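Everything below concerns the one structure shown next.
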Amino acid sequence: MSEQTYRRDAMEKPPLVDVCGQPGQLIRRAQQVHTYLWATSVSSEVTSTQFAMLSAIAERPCIDQNSLSRQVSVDTSTVAEVVNRLVDRGHVTRGKDPADRRRNLLSLSESGHRMYAEVSAAAAAMTDRLVATLPEHDRGELVRILRNLVESGEAMRDADAADAQEARGRNSR
């Protein structure tokens, strides 16, 4: 390839991409809308991530932190930080598992039950507001599509992590 051909090829513009039509961009913008609605309609004290953890703890009292991490799909270090905040605010109690003293078991405190009930009602109303413009049949379809996207994306992430771990194992031999 001549230098002139190389320069011409390098100067050609890449094809334009309609960023506003890209799923990732739309998911990011939808998350911004959700965050806005959460902060203005649900709670300025409890984040949606904290609420997910409160929900999981309400559903499974005495859940350990590792199980909580898996249930809400949040890494263990973030779970530990969020749980510390919820414990400090008095919404969650933490105790050692009598069968395995290394495990922390989590339950809602009385104030946690009150907070959970209050935020649950507001979160349900906010969700209704978020999807209000969609016909009823599209609401279920939206959840189905998002769940599929999340599950397949998490499977890709887990497979990539397993491949990377296997490669590290081969390289250390």
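Each chain in the structure tokens gets a letter, A, B, ..., in the order shown, and its residues are numbered from 1; ligands are numbered from 1 in order too.
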
- Query: Out of stretch 7-105 of chain A, which residues get alpha helix (DSSP H) from DSSP, as a ChimeraX atom specification?
  - Reply: /A:7-11,23-37,48-59,65-72,76-88

- Which polymer residues have any atom within 12 Å of an atom of stretch 23-38 of chain A, counting only C-alpha atoms, with same-chain residues fewer than 6 positions away left out, as a ChimeraX atom specification? /A:17,44-51,119-120,122-131,142,145-146,149-150

- Item | Point-to-point distance in Å for atom CA of A:Val72 and atom CA of A:Arg85 | 16.5 Å

- Task: Name the residues of stretch 17-159 of chain A that fall into strand (DSSP E or B) according to DSSP on the backbone, using the chain letters and numbers of this document, as a list in words.
- Result: Ile63, Asp64, Val92, Thr93, Arg94, Gly95, Lys96, Asp97, Asp100, Arg101, Arg102, Arg103, Asn104, Leu105, Leu106, Ser107 and Leu108 of chain A

- Message: Env of A:Arg114: 12 Å cut, atoms = only C-alpha atoms, seq-sep filter 5 positions within chain, self excluded. Answer as a PyMOL selection string.
- Response: chain A and resi 54+58+90-92+108-109+119-121

Save the residues we just selected, N, CA and C atoms, as a PDB file, in the first residue's frame?
```
ATOM      1  N   LEU A  54     -32.676  -4.313  51.208  1.00  0.00           N
ATOM      2  CA  LEU A  54     -33.728  -4.399  52.228  1.00  0.00           C
ATOM      3  C   LEU A  54     -34.794  -5.407  51.811  1.00  0.00           C
ATOM      4  N   ALA A  58     -35.741  -8.701  53.791  1.00  0.00           N
ATOM      5  CA  ALA A  58     -37.125  -8.890  54.246  1.00  0.00           C
ATOM      6  C   ALA A  58     -37.656 -10.245  53.778  1.00  0.00           C
ATOM      7  N   GLY A  90     -29.505   1.879  61.595  1.00  0.00           N
ATOM      8  CA  GLY A  90     -30.431   1.138  62.442  1.00  0.00           C
ATOM      9  C   GLY A  90     -31.500   0.369  61.693  1.00  0.00           C
ATOM     10  N   HIS A  91     -31.371   0.213  60.375  1.00  0.00           N
ATOM     11  CA  HIS A  91     -32.387  -0.497  59.585  1.00  0.00           C
ATOM     12  C   HIS A  91     -32.129  -2.002  59.506  1.00  0.00           C
ATOM     13  N   VAL A  92     -30.887  -2.404  59.714  1.00  0.00           N
ATOM     14  CA  VAL A  92     -30.501  -3.818  59.592  1.00  0.00           C
ATOM     15  C   VAL A  92     -29.724  -4.210  60.842  1.00  0.00           C
ATOM     16  N   LEU A 108     -33.886  -7.446  59.165  1.00  0.00           N
ATOM     17  CA  LEU A 108     -34.383  -6.082  59.319  1.00  0.00           C
ATOM     18  C   LEU A 108     -34.671  -5.817  60.792  1.00  0.00           C
ATOM     19  N   SER A 109     -34.327  -4.633  61.245  1.00  0.00           N
ATOM     20  CA  SER A 109     -34.691  -4.186  62.587  1.00  0.00           C
ATOM     21  C   SER A 109     -36.139  -3.684  62.533  1.00  0.00           C
ATOM     22  N   VAL A 119     -40.974   2.593  51.931  1.00  0.00           N
ATOM     23  CA  VAL A 119     -40.292   2.711  50.638  1.00  0.00           C
ATOM     24  C   VAL A 119     -40.922   1.768  49.608  1.00  0.00           C
ATOM     25  N   SER A 120     -41.391   0.605  50.028  1.00  0.00           N
ATOM     26  CA  SER A 120     -42.020  -0.342  49.103  1.00  0.00           C
ATOM     27  C   SER A 120     -43.221   0.286  48.413  1.00  0.00           C
ATOM     28  N   ALA A 121     -44.070   0.938  49.196  1.00  0.00           N
ATOM     29  CA  ALA A 121     -45.257   1.573  48.627  1.00  0.00           C
ATOM     30  C   ALA A 121     -44.861   2.682  47.651  1.00  0.00           C
TER      31      ALA A 121
END
```

Excluding stretch 62-71 of chain A and any residue of its chain fewer than 3 positions from it, enumerate the residues within 10 Å of it, using only C-alpha atoms, and give them as a short mmCIF file (atom, residue, chain, number, x, y, z; two decimals) with N, CA, C and O atoms, in the first residue's frame.
```cif
data_model
loop_
_atom_site.label_atom_id
_atom_site.label_comp_id
_atom_site.auth_asym_id
_atom_site.auth_seq_id
_atom_site.Cartn_x
_atom_site.Cartn_y
_atom_site.Cartn_z
N ALA A 52 -33.11 -2.68 47.25
CA ALA A 52 -33.00 -4.06 46.77
C ALA A 52 -32.48 -4.96 47.88
O ALA A 52 -32.96 -6.09 48.07
N MET A 53 -31.51 -4.47 48.63
CA MET A 53 -30.97 -5.26 49.74
C MET A 53 -31.98 -5.39 50.87
O MET A 53 -32.14 -6.48 51.44
N LEU A 54 -32.68 -4.31 51.21
CA LEU A 54 -33.73 -4.40 52.23
C LEU A 54 -34.79 -5.41 51.81
O LEU A 54 -35.28 -6.19 52.64
N ALA A 56 -34.43 -8.03 49.80
CA ALA A 56 -33.89 -9.39 49.90
C ALA A 56 -33.82 -9.84 51.35
O ALA A 56 -34.13 -10.99 51.66
N ILE A 57 -33.44 -8.93 52.25
CA ILE A 57 -33.36 -9.27 53.67
C ILE A 57 -34.77 -9.51 54.23
O ILE A 57 -34.98 -10.42 55.03
N ALA A 58 -35.74 -8.70 53.79
CA ALA A 58 -37.13 -8.89 54.25
C ALA A 58 -37.66 -10.24 53.78
O ALA A 58 -38.38 -10.93 54.51
N GLU A 59 -37.29 -10.62 52.58
CA GLU A 59 -37.74 -11.89 52.00
C GLU A 59 -37.08 -13.08 52.69
O GLU A 59 -37.71 -14.13 52.86
N VAL A 74 -24.92 -7.82 43.28
CA VAL A 74 -23.99 -6.75 43.62
C VAL A 74 -22.75 -7.41 44.22
O VAL A 74 -22.87 -8.37 44.99
N ASP A 75 -21.57 -6.92 43.85
CA ASP A 75 -20.34 -7.55 44.33
C ASP A 75 -20.25 -7.48 45.85
O ASP A 75 -20.84 -6.60 46.49
N THR A 76 -19.51 -8.42 46.42
CA THR A 76 -19.47 -8.57 47.89
C THR A 76 -18.91 -7.36 48.61
O THR A 76 -19.37 -7.03 49.71
N SER A 77 -17.94 -6.66 48.01
CA SER A 77 -17.38 -5.48 48.69
C SER A 77 -18.42 -4.36 48.75
O SER A 77 -18.52 -3.65 49.76
N THR A 78 -19.21 -4.20 47.68
CA THR A 78 -20.26 -3.18 47.69
C THR A 78 -21.35 -3.56 48.68
O THR A 78 -21.86 -2.70 49.41
N VAL A 79 -21.71 -4.85 48.72
CA VAL A 79 -22.71 -5.30 49.69
C VAL A 79 -22.24 -4.96 51.10
O VAL A 79 -23.02 -4.45 51.92
N ALA A 80 -20.98 -5.22 51.40
CA ALA A 80 -20.46 -4.94 52.74
C ALA A 80 -20.59 -3.46 53.07
O ALA A 80 -21.02 -3.10 54.19
N VAL A 83 -24.39 -2.62 53.48
CA VAL A 83 -24.88 -3.20 54.73
C VAL A 83 -24.38 -2.39 55.92
O VAL A 83 -25.14 -2.12 56.86
N THR A 93 -29.98 -5.43 61.31
CA THR A 93 -29.18 -5.99 62.40
C THR A 93 -28.26 -7.04 61.80
O THR A 93 -28.62 -7.73 60.84
N ARG A 94 -27.08 -7.13 62.37
CA ARG A 94 -26.08 -8.08 61.87
C ARG A 94 -25.60 -8.91 63.06
O ARG A 94 -25.26 -8.36 64.09
N GLY A 95 -25.58 -10.20 62.86
CA GLY A 95 -25.08 -11.08 63.91
C GLY A 95 -24.30 -12.22 63.30
O GLY A 95 -24.40 -12.50 62.10
N LYS A 96 -23.52 -12.87 64.13
CA LYS A 96 -22.71 -14.01 63.66
C LYS A 96 -23.59 -15.26 63.56
O LYS A 96 -24.47 -15.48 64.39
N ASP A 97 -23.34 -16.06 62.56
CA ASP A 97 -24.01 -17.34 62.40
C ASP A 97 -23.45 -18.28 63.47
O ASP A 97 -22.24 -18.51 63.52
N ARG A 103 -19.51 -16.09 59.18
CA ARG A 103 -20.63 -15.56 58.39
C ARG A 103 -21.44 -14.56 59.20
O ARG A 103 -21.76 -14.80 60.36
N ASN A 104 -21.77 -13.43 58.54
CA ASN A 104 -22.68 -12.45 59.13
C ASN A 104 -24.09 -12.73 58.63
O ASN A 104 -24.31 -12.88 57.43
N LEU A 105 -25.04 -12.79 59.56
CA LEU A 105 -26.44 -12.97 59.21
C LEU A 105 -27.17 -11.64 59.39
O LEU A 105 -26.97 -10.94 60.38
N LEU A 106 -28.01 -11.32 58.42
CA LEU A 106 -28.66 -10.01 58.38
C LEU A 106 -30.17 -10.15 58.50
O LEU A 106 -30.76 -11.05 57.88
N SER A 107 -30.77 -9.26 59.25
CA SER A 107 -32.23 -9.19 59.37
C SER A 107 -32.63 -7.72 59.46
O SER A 107 -31.80 -6.87 59.79
N LEU A 108 -33.89 -7.45 59.17
CA LEU A 108 -34.38 -6.08 59.32
C LEU A 108 -34.67 -5.82 60.79
O LEU A 108 -35.21 -6.68 61.49
#
```

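Among the candidate residues A:Val143, A:Ala164, A:Ala155, A:Met115, the one lying nearest to A:Ser43 is A:Met115, with distances computed using only C-alpha atoms.
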
- Between atom CA of A:Asn84 and atom CA of A:Thr40, distance in Å (one decimal): 24.5 Å

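Rounded to one decimal, atom CA of A:Ser111 and atom CA of A:Ala99 lie 27.2 Å from each other.
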